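Colleague: My structure file coords35.pdb, PDB, C-alpha atoms and all ligand atoms, is below:
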ATOM      1  CA  MET A   1     -82.717  58.823  38.984
ATOM      2  CA  ASN A   2     -82.069  59.264  35.287
ATOM      3  CA  GLY A   3     -83.458  62.778  35.401
ATOM      4  CA  LYS A   4     -81.218  63.622  38.336
ATOM      5  CA  HIS A   5     -78.253  62.254  36.436
ATOM      6  CA  GLU A   6     -79.099  64.436  33.439
ATOM      7  CA  LYS A   7     -79.423  67.444  35.720
ATOM      8  CA  ILE A   8     -76.006  66.873  37.309
ATOM      9  CA  LYS A   9     -74.465  66.463  33.882
ATOM     10  CA  CYS A  10     -76.148  69.650  32.701
ATOM     11  CA  ILE A  11     -74.899  71.582  35.743
ATOM     12  CA  LEU A  12     -71.377  70.215  35.217
ATOM     13  CA  LYS A  13     -71.406  71.344  31.595
ATOM     14  CA  ILE A  14     -72.666  74.832  32.431
ATOM     15  CA  ALA A  15     -70.214  75.146  35.336
ATOM     16  CA  GLY A  16     -67.370  73.937  33.112
ATOM     17  CA  PHE A  17     -68.198  76.387  30.353
ATOM     18  CA  CYS A  18     -68.594  79.267  32.844
ATOM     19  CA  ALA A  19     -65.337  78.497  34.665
ATOM     20  CA  ALA A  20     -63.399  78.186  31.415
ATOM     21  CA  GLY A  21     -65.049  81.331  30.024
ATOM     22  CA  VAL A  22     -64.343  83.410  33.153
ATOM     23  CA  GLY A  23     -60.805  82.018  33.176
ATOM     24  CA  VAL A  24     -60.206  83.095  29.574
ATOM     25  CA  VAL A  25     -61.539  86.607  30.302
ATOM     26  CA  ALA A  26     -59.428  86.950  33.475
ATOM     27  CA  GLU A  27     -56.355  85.671  31.662
ATOM     28  CA  ALA A  28     -56.963  88.073  28.746
ATOM     29  CA  VAL A  29     -57.541  91.069  31.042
ATOM     30  CA  GLY A  30     -54.384  90.215  32.978
ATOM     31  CA  LEU A  31     -52.304  89.920  29.816
ATOM     32  CA  ILE A  32     -53.762  93.123  28.315
ATOM     33  CA  LEU A  33     -53.076  95.089  31.511
ATOM     34  CA  MET A  34     -49.558  93.703  31.571
ATOM     35  CA  ALA A  35     -49.030  94.660  27.940
ATOM     36  CA  ILE A  36     -50.429  98.194  27.963
ATOM     37  CA  ASP A  37     -49.517  99.500  31.406
ATOM     38  CA  PRO A  38     -47.287  97.141  33.401
ATOM     39  CA  LEU A  39     -45.991  99.791  35.833
ATOM     40  CA  ASN A  40     -49.294 101.162  37.089
ATOM     41  CA  VAL A  41     -51.037  97.842  37.647
ATOM     42  CA  PRO A  42     -50.489  96.184  41.045
ATOM     43  CA  LEU A  43     -48.481  92.995  40.691
ATOM     44  CA  GLY A  44     -50.885  91.138  42.975
ATOM     45  CA  LEU A  45     -53.788  91.884  40.663
ATOM     46  CA  LEU A  46     -51.823  90.698  37.644
ATOM     47  CA  LEU A  47     -50.846  87.462  39.377
ATOM     48  CA  PHE A  48     -54.405  86.981  40.576
ATOM     49  CA  LEU A  49     -55.826  87.443  37.062
ATOM     50  CA  THR A  50     -53.283  85.337  35.192
ATOM     51  CA  SER A  51     -52.857  82.471  37.635
ATOM     52  CA  GLY A  52     -56.549  82.509  38.628
ATOM     53  CA  GLY A  53     -57.545  82.541  34.979
ATOM     54  CA  PHE A  54     -55.176  79.692  34.248
ATOM     55  CA  ILE A  55     -56.626  77.552  37.058
ATOM     56  CA  LEU A  56     -60.206  78.337  35.975
ATOM     57  CA  ILE A  57     -59.519  77.421  32.335
ATOM     58  CA  PHE A  58     -58.030  74.039  33.214
ATOM     59  CA  GLY A  59     -60.566  73.385  35.956
ATOM     60  CA  GLY A  60     -63.388  74.178  33.529
ATOM     61  CA  ILE A  61     -61.930  71.923  30.847
ATOM     62  CA  GLY A  62     -61.531  69.134  33.408
ATOM     63  CA  VAL A  63     -65.173  69.458  34.486
ATOM     64  CA  LEU A  64     -66.300  69.499  30.842
ATOM     65  CA  GLY A  65     -64.243  66.364  30.221
ATOM     66  CA  ILE A  66     -66.088  64.567  33.037
ATOM     67  CA  ALA A  67     -69.493  65.815  31.837
ATOM     68  CA  PHE A  68     -68.920  64.758  28.247
ATOM     69  CA  ARG A  69     -67.278  61.449  29.165
ATOM     70  CA  ARG A  70     -70.489  60.462  30.912
ATOM     71  CA  GLU A  71     -72.323  61.378  27.751
ATOM     72  CA  SER A  72     -70.015  59.442  25.447
ATOM     73  CA  VAL A  73     -70.186  56.330  27.629
ATOM     74  CA  LYS A  74     -73.980  56.506  27.579
ATOM     75  CA  TYR A  75     -73.919  57.064  23.827
ATOM     76  CA  GLU A  76     -71.695  54.026  23.280
ATOM     77  CA  ARG A  77     -73.901  51.884  25.490
ATOM     78  CA  ASP A  78     -77.039  52.963  23.620
ATOM     79  CA  GLU A  79     -75.354  52.364  20.286
ATOM     80  CA  LEU A  80     -74.129  48.882  21.190
ATOM     81  CA  ALA A  81     -77.220  47.590  22.991
ATOM     82  CA  PRO A  82     -79.558  47.206  19.974
ATOM     83  CA  LEU A  83     -76.691  45.725  17.961
ATOM     84  CA  GLN A  84     -76.125  42.971  20.504
ATOM     85  CA  GLU A  85     -79.827  42.294  20.611
ATOM     86  CA  THR A  86     -80.172  41.727  16.865
ATOM     87  CA  GLN A  87     -76.964  39.706  16.754
ATOM     88  CA  SER A  88     -78.385  36.789  18.700
ATOM     89  CA  GLU A  89     -81.139  34.364  17.776
ATOM     90  CA  PRO A  90     -82.713  32.019  20.317
ATOM     91  CA  CYS A  91     -82.695  28.358  19.279
ATOM     92  CA  PRO A  92     -86.297  27.083  18.851
ATOM     93  CA  HIS A  93     -85.235  23.787  20.423
ATOM     94  CA  CYS A  94     -83.148  24.701  23.464
ATOM     95  CA  GLY A  95     -83.314  28.515  23.641
ATOM     96  CA  GLU A  96     -79.545  29.003  23.316
ATOM     97  CA  LEU A  97     -78.637  32.397  21.842
ATOM     98  CA  ASN A  98     -76.755  31.964  18.573
ATOM     99  CA  ALA A  99     -75.258  34.706  16.384
ATOM    100  CA  ALA A 100     -77.689  36.010  13.766
ATOM    101  CA  GLY A 101     -77.316  34.048  10.544
ATOM    102  CA  SER A 102     -76.122  30.878  12.317
ATOM    103  CA  LEU A 103     -77.119  27.753  10.392
ATOM    104  CA  PHE A 104     -77.029  25.380  13.358
ATOM    105  CA  CYS A 105     -77.451  25.831  17.098
ATOM    106  CA  GLY A 106     -74.098  25.836  18.845
ATOM    107  CA  LEU A 107     -75.491  23.990  21.853
ATOM    108  CA  CYS A 108     -77.861  21.305  20.572
ATOM    109  CA  GLY A 109     -77.098  21.213  16.839
ATOM    110  CA  GLU A 110     -80.634  22.118  15.792
ATOM    111  CA  ASN A 111     -80.876  23.270  12.171
ATOM    112  CA  LEU A 112     -81.658  26.979  12.480
ATOM    113  CA  GLN A 113     -82.168  27.619   8.789
ATOM    114  CA  THR A 114     -85.394  27.154   6.902
ATOM    115  CA  VAL A 115     -86.846  28.446   3.632
ATOM    116  CA  CYS A 116     -89.584  30.956   2.988
ATOM    117  CA  PRO A 117     -92.764  29.166   1.814
ATOM    118  CA  HIS A 118     -93.536  32.065  -0.517
ATOM    119  CA  CYS A 119     -90.265  32.828  -2.340
ATOM    120  CA  GLY A 120     -87.966  29.999  -1.243
ATOM    121  CA  ALA A 121     -85.294  32.317   0.157
ATOM    122  CA  PRO A 122     -83.274  30.822   3.016
ATOM    123  CA  VAL A 123     -84.329  32.367   6.316
ATOM    124  CA  VAL A 124     -83.048  31.887   9.846
ATOM    125  CA  ARG A 125     -85.553  30.082  12.008
ATOM    126  CA  GLY A 126     -87.084  32.278  14.681
ATOM    127  CA  ARG A 127     -87.533  35.198  12.290
ATOM    128  CA  LYS A 128     -91.112  36.342  11.949
ATOM    129  CA  PHE A 129     -90.887  37.624   8.385
ATOM    130  CA  CYS A 130     -88.968  36.668   5.262
ATOM    131  CA  SER A 131     -86.142  39.173   4.744
ATOM    132  CA  ARG A 132     -86.582  38.989   0.958
ATOM    133  CA  CYS A 133     -90.356  39.151   0.353
ATOM    134  CA  GLY A 134     -91.776  40.073   3.750
ATOM    135  CA  THR A 135     -94.050  37.056   4.074
ATOM    136  CA  LYS A 136     -95.073  36.291   7.663
ATOM    137  CA  LEU A 137     -93.364  33.012   8.468
ATOM    138  CA  PHE A 138     -94.734  31.584  11.684
TER     139      PHE A 138
HETATM  140 ZN    ZN B   1     -80.425  24.610  20.403
HETATM  141 ZN    ZN B   2     -89.954  35.108   1.069
END
Hey, can you dump this file as structure tokens for me?

Modeller:
Amino acid sequence: MNGKHEKIKCILKIAGFCAAGVGVVAEAVGLILMAIDPLNVPLGLLLFLTSGGFILIFGGIGVLGIAFRRESVKYERDELAPLQETQSEPCPHCGELNAAGSLFCGLCGENLQTVCPHCGAPVVRGRKFCSRCGTKLF
């Protein structure tokens, strides 16, 4: 499912770039023709190139916006997920998740802080290693 999602996103990006690119070329050709030889170029062709190019440019940008919005949402989710994980510590007594660095459990009042047996640095209970000297704690 994830692979399919990536594929759709990839197609949207390519389609967006192509549409915008073709639109820019059509718009440029239309404007150049209008500038160099306005009398000998059929008006229909000029309108087709300029208005068609205009629609393609904005359509392409719109598609790119959708493709990259998906990407940015995913990026934000991936960035925030590990942060939320490290920000909570389960209470050894009741299992309640408390913010990292909490001294007491917010639910049962258990003292969450202890000291490292090696260096005496205060460490939050539930941590496996001392953050100062690296000693394995439990
Ligand atoms: Zn607790
Ligand atoms: Zn230590």

Colleague: Could I get the residue neighbourhood of ligand ZN 1 (chain B) at 9 Å, counting only C-alpha atoms and all ligand atoms, as a list in words?

Modeller: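 Listing the residues within 9 Å of ligand ZN 1 (chain B) gives Pro90, Cys91, Pro92, His93, Cys94, Gly95, Glu96, Leu97, Asn98, Phe104, Cys105, Gly106, Leu107, Cys108, Gly109, Glu110, Asn111 and Leu112 of chain A.
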
Colleague: What is the distance, in Å and to one decimal place, between CA of Leu64 (chain A) and CA of Lys4 (chain A)?

Modeller: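 Separating CA of Leu64 (chain A) from CA of Lys4 (chain A) is a distance of 17.7 Å.
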
Colleague: Could you check the closest approach to Glu6 (chain A) for each of A:Cys133, A:Leu103, A:Cys119, A:Ala67 and tell me which residue wins, using only C-alpha atoms?

Modeller: A:Ala67

Colleague: Once you count all atoms listed in the file, what closest atom pair and distance in Å to one decimal does each residue of chain A within 9 Å of ligand ZN 2 (chain B) have, with rows by chain and rising residue number, as a Markdown table?

Modeller:
| residue | atom | partner | partner_atom | distance |
| --- | --- | --- | --- | --- |
| A:Val115 | CA | B:ZN2 | ZN | 7.8 |
| A:Cys116 | CA | B:ZN2 | ZN | 4.6 |
| A:Pro117 | CA | B:ZN2 | ZN | 6.6 |
| A:His118 | CA | B:ZN2 | ZN | 5.0 |
| A:Cys119 | CA | B:ZN2 | ZN | 4.1 |
| A:Gly120 | CA | B:ZN2 | ZN | 5.9 |
| A:Ala121 | CA | B:ZN2 | ZN | 5.5 |
| A:Pro122 | CA | B:ZN2 | ZN | 8.2 |
| A:Val123 | CA | B:ZN2 | ZN | 8.2 |
| A:Phe129 | CA | B:ZN2 | ZN | 7.8 |
| A:Cys130 | CA | B:ZN2 | ZN | 4.6 |
| A:Ser131 | CA | B:ZN2 | ZN | 6.7 |
| A:Arg132 | CA | B:ZN2 | ZN | 5.1 |
| A:Cys133 | CA | B:ZN2 | ZN | 4.1 |
| A:Gly134 | CA | B:ZN2 | ZN | 5.9 |
| A:Thr135 | CA | B:ZN2 | ZN | 5.4 |
| A:Lys136 | CA | B:ZN2 | ZN | 8.4 |
| A:Leu137 | CA | B:ZN2 | ZN | 8.4 |

Colleague: Name the residues that the PyMOL selection byres (((chain A and resi 23) around 7) and not hetatm) picks from the file above, as a VMD selection string, using the file's chain letters and numbers.

Modeller: chain A and resid 19 to 22 24 to 27 52 to 54 56 to 57
